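Here the structure is laid out as structure tokens; the discussion comes afterwards.
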Amino acid sequence: MEVIKVKNYEQLSKKAAKLICDMINNKKDSVMCFATGSTPVGTFQEMVDCYTQKRVTFKNTKAFFLDEYCLNHPRLFEHSNKYFLEYNFFNKVNIEEKNIFGFDQNIQNADKTIAQMNERLAENPIDILILGIGENGHIGYNEPEDCDFSSTCHLAKLSIKTRLSQRKYFYDADEVPKYAITLGIADILKAKKIFLLASGLNKASAISKLLQEEQNTCFPASALLQHDNVTIIVDEAAASLYDK
Ligand code: F6R
């Protein structure tokens with residue numbers, strides 16, 4: 001695993017965006033896959049800036065969602081990963097709508113959306129996957145409680161820890177989703193290039209575990225040790241326990 005350590009969140013975002021845009025410039029029809037959450041927001045902004053400055057084009061790219069919440073009411077749409085990715089990235093660049101592959105948020109349709117995703121993944125192998133990491137080591141919504149390194153796209157029960165970290169975004173505790181659809185670890189490992197981004201002290205323990213430990217399904221991110229093309233971009237705070 002390559003580890004790139006930068007000073008702070010701003011540098012992390014710039015570095016990640018530069019590496020991703022360089023890859024897209026080398027392969028204009030790259031298939032991307034994106035995590036959501038607070039970590040990649042700066043990277044998306046930098047990628048949008050590259051696009052507006054005509055340093056990259058997304059015209060021929062395709063994009064998969066890494067995961068999506070199952071929300072129990074349409075009024076919660078603004079909490080969906082679809083809304084997040086549209087707001088932070090898709091609506092600001094020239095990617096074509098037909099090339100964006102998301103999930104249906106309705107849990108009743110989970111089987112259908114999973115089958116459709118499996119077909120699309122088979123037809124469009126992922127070139128560039130951008131991951132964040134949960135404090136508990138989750139990637140996508142592959143949680144430590146029921147992680148299986150051979151898993152493919154599936155309906156996942158969110159851990160209490162993950163739900164607590166999401167609580168701040170919802171008005172009412174009951175609205176915090178209990179389930180999400182996520183690509184599985186086996187899908188993640190099929191991506192040709194993986195970037196894992198981590199920023200802040202709250203990620204220091206997870207990063208130190210990832211870089212010092214062996215593969216263990218109780219720590220889902222450790223599956224990345226199997227992959228031969230992972231770049232971890234961390235800021236000083238997230239790297240602080242690893243360095244000691
Ligand atoms: C969300 C996802 C999650 C996040 C992780 C970190 O699509 O894949 O695994 O990457 O929960 O979230 P932040 O960046 O908000 O700390």
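By order in the structure tokens, chains are A, B, ...; within a chain, residues start at 1; ligands start at 1, following the order shown.
For segment 145-151 of chain A, the residues within 8 Å (counting only C-alpha atoms, excluding itself and residues fewer than 4 positions away along the chain) are A:Ser159, A:Gly184, A:Ile185, A:Ala186, A:Asp187, A:Thr217, A:Cys218, A:Pro220, A:Ala223.
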Given the selection you just returned, output its residues as a file containing all heavy atoms, formatted as a PDB file, in the first residue's frame.
ATOM      1  N   SER A 159     -24.226  -0.336  11.664  1.00  0.00           N
ATOM      2  CA  SER A 159     -23.879  -0.564  13.065  1.00  0.00           C
ATOM      3  C   SER A 159     -24.366   0.615  13.908  1.00  0.00           C
ATOM      4  O   SER A 159     -24.598   1.716  13.395  1.00  0.00           O
ATOM      5  CB  SER A 159     -22.367  -0.730  13.219  1.00  0.00           C
ATOM      6  OG  SER A 159     -21.752   0.523  13.014  1.00  0.00           O
ATOM      7  N   GLY A 184     -20.037  -4.772  -2.060  1.00  0.00           N
ATOM      8  CA  GLY A 184     -19.373  -5.641  -1.088  1.00  0.00           C
ATOM      9  C   GLY A 184     -17.863  -5.522  -1.191  1.00  0.00           C
ATOM     10  O   GLY A 184     -17.323  -4.845  -2.080  1.00  0.00           O
ATOM     11  N   ILE A 185     -17.192  -6.200  -0.277  1.00  0.00           N
ATOM     12  CA  ILE A 185     -15.715  -6.149  -0.265  1.00  0.00           C
ATOM     13  C   ILE A 185     -15.156  -6.725  -1.577  1.00  0.00           C
ATOM     14  O   ILE A 185     -14.202  -6.186  -2.142  1.00  0.00           O
ATOM     15  CB  ILE A 185     -15.164  -6.933   0.951  1.00  0.00           C
ATOM     16  CG1 ILE A 185     -15.619  -6.281   2.257  1.00  0.00           C
ATOM     17  CG2 ILE A 185     -13.638  -7.046   0.862  1.00  0.00           C
ATOM     18  CD1 ILE A 185     -14.927  -5.012   2.647  1.00  0.00           C
ATOM     19  N   ALA A 186     -15.768  -7.807  -2.079  1.00  0.00           N
ATOM     20  CA  ALA A 186     -15.253  -8.401  -3.328  1.00  0.00           C
ATOM     21  C   ALA A 186     -15.393  -7.417  -4.488  1.00  0.00           C
ATOM     22  O   ALA A 186     -14.505  -7.333  -5.343  1.00  0.00           O
ATOM     23  CB  ALA A 186     -15.976  -9.702  -3.636  1.00  0.00           C
ATOM     24  N   ASP A 187     -16.483  -6.655  -4.516  1.00  0.00           N
ATOM     25  CA  ASP A 187     -16.652  -5.630  -5.567  1.00  0.00           C
ATOM     26  C   ASP A 187     -15.570  -4.559  -5.437  1.00  0.00           C
ATOM     27  O   ASP A 187     -14.997  -4.108  -6.437  1.00  0.00           O
ATOM     28  CB  ASP A 187     -18.011  -4.922  -5.435  1.00  0.00           C
ATOM     29  CG  ASP A 187     -19.191  -5.850  -5.580  1.00  0.00           C
ATOM     30  OD1 ASP A 187     -19.150  -6.716  -6.468  1.00  0.00           O
ATOM     31  OD2 ASP A 187     -20.164  -5.711  -4.801  1.00  0.00           O
ATOM     32  N   THR A 217     -11.697  -9.805   9.379  1.00  0.00           N
ATOM     33  CA  THR A 217     -13.032  -9.338   8.975  1.00  0.00           C
ATOM     34  C   THR A 217     -13.657  -8.413  10.022  1.00  0.00           C
ATOM     35  O   THR A 217     -14.607  -7.700   9.716  1.00  0.00           O
ATOM     36  CB  THR A 217     -14.004 -10.514   8.714  1.00  0.00           C
ATOM     37  OG1 THR A 217     -13.979 -11.358   9.845  1.00  0.00           O
ATOM     38  CG2 THR A 217     -13.656 -11.274   7.460  1.00  0.00           C
ATOM     39  N   CYS A 218     -13.130  -8.412  11.251  1.00  0.00           N
ATOM     40  CA  CYS A 218     -13.648  -7.478  12.266  1.00  0.00           C
ATOM     41  C   CYS A 218     -13.179  -6.055  11.979  1.00  0.00           C
ATOM     42  O   CYS A 218     -13.576  -5.105  12.646  1.00  0.00           O
ATOM     43  CB  CYS A 218     -13.171  -7.852  13.666  1.00  0.00           C
ATOM     44  SG  CYS A 218     -13.773  -9.439  14.152  1.00  0.00           S
ATOM     45  N   PRO A 220     -13.038  -4.259   8.503  1.00  0.00           N
ATOM     46  CA  PRO A 220     -13.254  -4.426   7.061  1.00  0.00           C
ATOM     47  C   PRO A 220     -12.200  -3.784   6.158  1.00  0.00           C
ATOM     48  O   PRO A 220     -11.823  -4.365   5.130  1.00  0.00           O
ATOM     49  CB  PRO A 220     -14.634  -3.798   6.849  1.00  0.00           C
ATOM     50  CG  PRO A 220     -15.317  -3.969   8.170  1.00  0.00           C
ATOM     51  CD  PRO A 220     -14.258  -3.827   9.209  1.00  0.00           C
ATOM     52  N   ALA A 223      -9.211  -5.602   4.408  1.00  0.00           N
ATOM     53  CA  ALA A 223      -9.308  -6.356   3.151  1.00  0.00           C
ATOM     54  C   ALA A 223      -8.461  -5.701   2.066  1.00  0.00           C
ATOM     55  O   ALA A 223      -7.994  -6.358   1.130  1.00  0.00           O
ATOM     56  CB  ALA A 223     -10.762  -6.432   2.689  1.00  0.00           C
TER      57      ALA A 223
END
### Task
Kindly provide, as number ranges by chain, all nucleotide and amino acid residues lying within 10 Å of ligand 1, counting only C-alpha atoms and all ligand atoms.
A: 34-41, 65-69, 80-81, 84-85, 130-143, 162-163, 165-166, 180, 182-183, 196-200, 202-203, 221
### Contact residues around segment 91-107 of chain A with only C-alpha atoms at 9 Å, ignoring same-chain residues under 4 positions, as a PyMOL selection string
chain A and resi 47-48+51-52+57-74+77+80-82+85-87+111-114+116-117+120+155+179-181
### Task
Considering only C-alpha atoms, return as a list in words whatever protein or nucleic-acid residues lie within 9 Å of Leu201 of chain A, sequence-local ones (same chain, fewer than 2 positions apart) excluded.
Ser199, Lys203, Ala204, Ser205, Glu236, Ala237, Ala238, Ala239, Ser240 and Leu241 of chain A
### Message
I need the residues of segment 22-183 of chain A that end up classed as alpha helix (DSSP H) by DSSP on the backbone, written out as a PyMOL selection string.
### Response
chain A and resi 22-26+41-52+81-88+110-123+160-166
### Filtered DSSP result for segment 10-242 of chain A, state strand (DSSP E), as JSON, numbers by chain
{"A": [31, 32, 33, 34, 62, 63, 64, 65, 67, 68, 69, 100, 101, 128, 129, 130, 131, 154, 155, 156, 157, 179, 180, 181, 182, 193, 194, 195, 196, 197, 198, 230, 231, 232, 233, 234, 235]}
